[in-house]
Amino acid sequence: MLTRIDHIGIACFDLDATVEFYRATYGFEVFHSEVNEEQGVREAMLKINSTDDGGASYLQLLEPTREDSTVAKWLAKNGEGVHHIAFGTADVDGEAAAIKDKGVRVLYEEPRRGSMGSRITFLHPKDCHGVLTELVTSAPVESPEH
């Protein structure tokens, strides 16, 4: 079962400038930042609110660290903007299997490591009305890491 909007991923050319825009305009602060070498991105998670299931909703700002990354290719084609939407679930494996049984292509055979130690997989945008969709099982988070 999907329990929340976990995050909305926003691709950007300059992570620091984009973080500053969200801080100055909306008052959002960085909850967590990291470099994901596997995905070729530097990212910042801006916490929007906590949720009833113990999770949270975030904006995930993504800057590519190399030109061959998926986000870099997406930016070259589309420019800055909303890259994907992610839904939280307690069981990313079970949820991905159930959605696959409904005819939606799942992009990873096995979930991978995502932000803040989460487990993630993606659904093909052509099967989701043009929206790249991520499924996320969050790791327990007790305090912000910067």
# chains A, B, ... in the order shown; residues from 1 in each chain; ligands from 1

$ closest_atom_pairs --of "region 7-60 of chain A" --to "region 65-73 of chain A" --cutoff "10 Å" --atoms "only C-alpha atoms" --output "CSV"
residue,atom,partner,partner_atom,distance
A:Ile10,CA,A:Val71,CA,9.6
A:Ala11,CA,A:Val71,CA,6.6
A:Cys12,CA,A:Val71,CA,8.7
A:Phe13,CA,A:Ala72,CA,8.6
A:Val35,CA,A:Thr65,CA,8.3
A:Asn36,CA,A:Thr65,CA,9.0
A:Glu37,CA,A:Thr65,CA,8.1
A:Glu38,CA,A:Ser69,CA,8.9
A:Gln39,CA,A:Ser69,CA,6.4
A:Gly40,CA,A:Thr65,CA,5.2
A:Val41,CA,A:Thr65,CA,5.0
A:Arg42,CA,A:Thr65,CA,6.3
A:Glu43,CA,A:Thr65,CA,9.8

$ residues_around --residues "Asp16 (chain A)" --least-positions-apart "5" --cutoff "10 Å" --atoms "only C-alpha atoms" --output "PyMOL selection string"
chain A and resi 21+43-44+61+63

$ write_last_selection --atoms "N, CA, C and O atoms" --output "PDB file, in the first residue's frame"
ATOM      1  N   PHE A  21      17.192  29.351  -3.366  1.00  0.00           N
ATOM      2  CA  PHE A  21      15.878  29.815  -3.816  1.00  0.00           C
ATOM      3  C   PHE A  21      14.780  29.268  -2.910  1.00  0.00           C
ATOM      4  O   PHE A  21      13.927  30.024  -2.442  1.00  0.00           O
ATOM      5  N   GLU A  43      22.610  15.706  -4.136  1.00  0.00           N
ATOM      6  CA  GLU A  43      21.218  16.007  -3.816  1.00  0.00           C
ATOM      7  C   GLU A  43      21.051  16.646  -2.455  1.00  0.00           C
ATOM      8  O   GLU A  43      21.899  16.509  -1.581  1.00  0.00           O
ATOM      9  N   ALA A  44      19.938  17.333  -2.321  1.00  0.00           N
ATOM     10  CA  ALA A  44      19.526  17.906  -1.041  1.00  0.00           C
ATOM     11  C   ALA A  44      18.060  17.569  -0.841  1.00  0.00           C
ATOM     12  O   ALA A  44      17.252  17.726  -1.751  1.00  0.00           O
ATOM     13  N   LEU A  61      16.159  17.901  -4.416  1.00  0.00           N
ATOM     14  CA  LEU A  61      16.823  18.674  -5.456  1.00  0.00           C
ATOM     15  C   LEU A  61      18.020  17.868  -5.949  1.00  0.00           C
ATOM     16  O   LEU A  61      18.820  17.379  -5.144  1.00  0.00           O
ATOM     17  N   GLU A  63      21.286  17.576  -8.650  1.00  0.00           N
ATOM     18  CA  GLU A  63      22.249  18.146  -9.584  1.00  0.00           C
ATOM     19  C   GLU A  63      23.141  17.011 -10.077  1.00  0.00           C
ATOM     20  O   GLU A  63      23.717  16.278  -9.254  1.00  0.00           O
TER      21      GLU A  63
END

$ residues_around --residues "Ile8 (chain A)" --least-positions-apart "4" --cutoff "7 Å" --atoms "only C-alpha atoms" --output "list in words"
Tyr58, Leu59, Gln60, His84, Ile85 and Ala86 of chain A

$ select_by_dssp --residues "chain A" --states "strand (DSSP E or B)" --output "PyMOL selection string"
chain A and resi 2-11+30-36+41-50+56-64+81-89+106+112-113+119-123+133-137+145

$ write_last_selection --atoms "C-alpha atoms" --output "short mmCIF file (atom, residue, chain, number, x, y, z; two decimals), in the first residue's frame"
data_model
loop_
_atom_site.label_atom_id
_atom_site.label_comp_id
_atom_site.auth_asym_id
_atom_site.auth_seq_id
_atom_site.Cartn_x
_atom_site.Cartn_y
_atom_site.Cartn_z
CA LEU A 2 1.24 3.47 -0.85
CA THR A 3 1.13 5.66 2.24
CA ARG A 4 2.24 9.16 1.20
CA ILE A 5 3.96 11.34 -1.32
CA ASP A 6 7.51 10.74 -0.14
CA HIS A 7 9.10 13.40 -2.32
CA ILE A 8 9.05 15.29 -5.56
CA GLY A 9 12.37 15.20 -7.39
CA ILE A 10 13.46 18.42 -9.07
CA ALA A 11 16.40 18.39 -11.48
CA VAL A 30 18.06 21.24 3.98
CA PHE A 31 17.25 18.19 6.09
CA HIS A 32 19.83 15.92 4.43
CA SER A 33 22.36 16.13 1.62
CA GLU A 34 24.54 13.54 -0.04
CA VAL A 35 26.26 12.46 -3.24
CA ASN A 36 24.88 9.28 -4.79
CA VAL A 41 23.87 13.07 -8.52
CA ARG A 42 24.45 15.48 -5.69
CA GLU A 43 21.22 16.01 -3.82
CA ALA A 44 19.53 17.91 -1.04
CA MET A 45 16.36 16.79 0.71
CA LEU A 46 14.21 19.67 1.95
CA LYS A 47 11.69 18.46 4.54
CA ILE A 48 8.23 19.87 4.00
CA ASN A 49 6.31 18.09 6.75
CA SER A 50 6.00 14.91 8.80
CA ALA A 56 7.87 12.75 5.89
CA SER A 57 7.38 14.58 2.62
CA TYR A 58 10.34 16.24 0.93
CA LEU A 59 11.49 18.15 -2.10
CA GLN A 60 14.53 16.36 -3.51
CA LEU A 61 16.82 18.67 -5.46
CA LEU A 62 19.12 16.84 -7.87
CA GLU A 63 22.25 18.15 -9.58
CA PRO A 64 24.16 15.75 -11.88
CA GLY A 81 12.03 21.20 -13.40
CA VAL A 82 10.06 18.33 -11.93
CA HIS A 83 11.89 15.11 -12.70
CA HIS A 84 9.81 12.52 -10.80
CA ILE A 85 7.31 11.89 -8.03
CA ALA A 86 7.95 9.32 -5.31
CA PHE A 87 5.40 7.45 -3.24
CA GLY A 88 6.23 5.96 0.15
CA THR A 89 5.48 2.36 1.00
CA VAL A 106 9.50 -1.69 -13.10
CA ARG A 112 18.50 -0.03 -5.01
CA ARG A 113 19.84 2.28 -2.31
CA ARG A 119 15.27 1.34 -0.77
CA ILE A 120 13.90 2.48 -4.13
CA THR A 121 12.75 1.44 -7.56
CA PHE A 122 11.23 3.33 -10.48
CA LEU A 123 8.24 2.72 -12.74
CA THR A 133 7.40 7.37 -10.62
CA GLU A 134 9.56 6.17 -7.75
CA LEU A 135 8.58 3.79 -4.96
CA VAL A 136 10.40 4.34 -1.65
CA THR A 137 10.74 2.43 1.59
CA GLU A 145 22.43 14.78 8.56
#

$ atom_distance --atom1 "CA of Ala90 (chain A)" --atom2 "CA of Asp53 (chain A)"
9.4 Å

$ residues_around --residues "Gly103 (chain A)" --least-positions-apart "4" --cutoff "10 Å" --atoms "only C-alpha atoms" --output "PDB file with all heavy atoms, in the first residue's frame"
ATOM      1  N   ALA A  98       3.453  -6.071  -7.093  1.00  0.00           N
ATOM      2  CA  ALA A  98       2.011  -5.930  -7.324  1.00  0.00           C
ATOM      3  C   ALA A  98       1.732  -5.001  -8.510  1.00  0.00           C
ATOM      4  O   ALA A  98       0.841  -5.272  -9.323  1.00  0.00           O
ATOM      5  CB  ALA A  98       1.319  -5.411  -6.060  1.00  0.00           C
ATOM      6  N   ILE A  99       2.486  -3.929  -8.611  1.00  0.00           N
ATOM      7  CA  ILE A  99       2.293  -2.986  -9.717  1.00  0.00           C
ATOM      8  C   ILE A  99       2.751  -3.616 -11.030  1.00  0.00           C
ATOM      9  O   ILE A  99       2.114  -3.456 -12.073  1.00  0.00           O
ATOM     10  CB  ILE A  99       3.001  -1.652  -9.410  1.00  0.00           C
ATOM     11  CG1 ILE A  99       2.258  -0.942  -8.268  1.00  0.00           C
ATOM     12  CG2 ILE A  99       3.082  -0.768 -10.651  1.00  0.00           C
ATOM     13  CD1 ILE A  99       2.949   0.297  -7.731  1.00  0.00           C
ATOM     14  N   ASP A 127       4.395   4.042 -18.898  1.00  0.00           N
ATOM     15  CA  ASP A 127       3.299   3.260 -18.319  1.00  0.00           C
ATOM     16  C   ASP A 127       2.546   4.042 -17.248  1.00  0.00           C
ATOM     17  O   ASP A 127       1.559   3.554 -16.697  1.00  0.00           O
ATOM     18  CB  ASP A 127       3.836   1.960 -17.709  1.00  0.00           C
ATOM     19  CG  ASP A 127       4.463   1.043 -18.745  1.00  0.00           C
ATOM     20  OD1 ASP A 127       4.202   1.223 -19.958  1.00  0.00           O
ATOM     21  OD2 ASP A 127       5.236   0.146 -18.339  1.00  0.00           O
TER      22      ASP A 127
END

$ select_by_dssp --residues "region 27-81 of chain A" --states "helix (DSSP H, G or I)" --output "ChimeraX atom specification"
/A:70-78

$ write_last_selection --atoms "N, CA and C atoms" --output "PDB file, in the first residue's frame"
ATOM      1  N   THR A  70      21.574   9.802 -15.555  1.00  0.00           N
ATOM      2  CA  THR A  70      20.192   9.929 -16.025  1.00  0.00           C
ATOM      3  C   THR A  70      19.688  11.358 -15.847  1.00  0.00           C
ATOM      4  N   VAL A  71      20.010  11.994 -14.728  1.00  0.00           N
ATOM      5  CA  VAL A  71      19.542  13.358 -14.465  1.00  0.00           C
ATOM      6  C   VAL A  71      20.206  14.344 -15.433  1.00  0.00           C
ATOM      7  N   ALA A  72      21.486  14.158 -15.733  1.00  0.00           N
ATOM      8  CA  ALA A  72      22.163  15.045 -16.691  1.00  0.00           C
ATOM      9  C   ALA A  72      21.521  14.944 -18.075  1.00  0.00           C
ATOM     10  N   LYS A  73      21.230  13.728 -18.490  1.00  0.00           N
ATOM     11  CA  LYS A  73      20.584  13.529 -19.794  1.00  0.00           C
ATOM     12  C   LYS A  73      19.190  14.154 -19.803  1.00  0.00           C
ATOM     13  N   TRP A  74      18.466  14.010 -18.702  1.00  0.00           N
ATOM     14  CA  TRP A  74      17.129  14.582 -18.605  1.00  0.00           C
ATOM     15  C   TRP A  74      17.200  16.105 -18.664  1.00  0.00           C
ATOM     16  N   LEU A  75      18.150  16.701 -17.940  1.00  0.00           N
ATOM     17  CA  LEU A  75      18.321  18.158 -17.948  1.00  0.00           C
ATOM     18  C   LEU A  75      18.667  18.666 -19.345  1.00  0.00           C
ATOM     19  N   ALA A  76      19.530  17.954 -20.049  1.00  0.00           N
ATOM     20  CA  ALA A  76      19.920  18.370 -21.396  1.00  0.00           C
ATOM     21  C   ALA A  76      18.713  18.391 -22.333  1.00  0.00           C
ATOM     22  N   LYS A  77      17.806  17.478 -22.131  1.00  0.00           N
ATOM     23  CA  LYS A  77      16.615  17.372 -22.991  1.00  0.00           C
ATOM     24  C   LYS A  77      15.496  18.312 -22.550  1.00  0.00           C
ATOM     25  N   ASN A  78      15.293  18.438 -21.238  1.00  0.00           N
ATOM     26  CA  ASN A  78      14.111  19.127 -20.710  1.00  0.00           C
ATOM     27  C   ASN A  78      14.376  20.431 -19.974  1.00  0.00           C
TER      28      ASN A  78
END

$ atom_distance --atom1 "CA of Phe28 (chain A)" --atom2 "CA of Pro111 (chain A)"
29.0 Å

$ atom_distance --atom1 "CA of Asp93 (chain A)" --atom2 "CA of Met1 (chain A)"
11.2 Å

$ closest_residue --among "A:Val92, A:Leu132, A:Val19, A:Ala97" --to "Ser118 (chain A)" --atoms "only C-alpha atoms"
A:Val92

$ closest_residue --among "A:Thr51, A:Tyr22, A:Ser138, A:Gly27" --to "Ser115 (chain A)" --atoms "only C-alpha atoms"
A:Ser138

$ closest_residue --among "A:Gly55, A:Leu15, A:Lys102, A:Glu29" --to "Cys128 (chain A)" --atoms "only C-alpha atoms"
A:Lys102

$ closest_residue --among "A:Arg23, A:Gly94, A:Val131, A:Pro125" --to "Glu110 (chain A)" --atoms "only C-alpha atoms"
A:Gly94
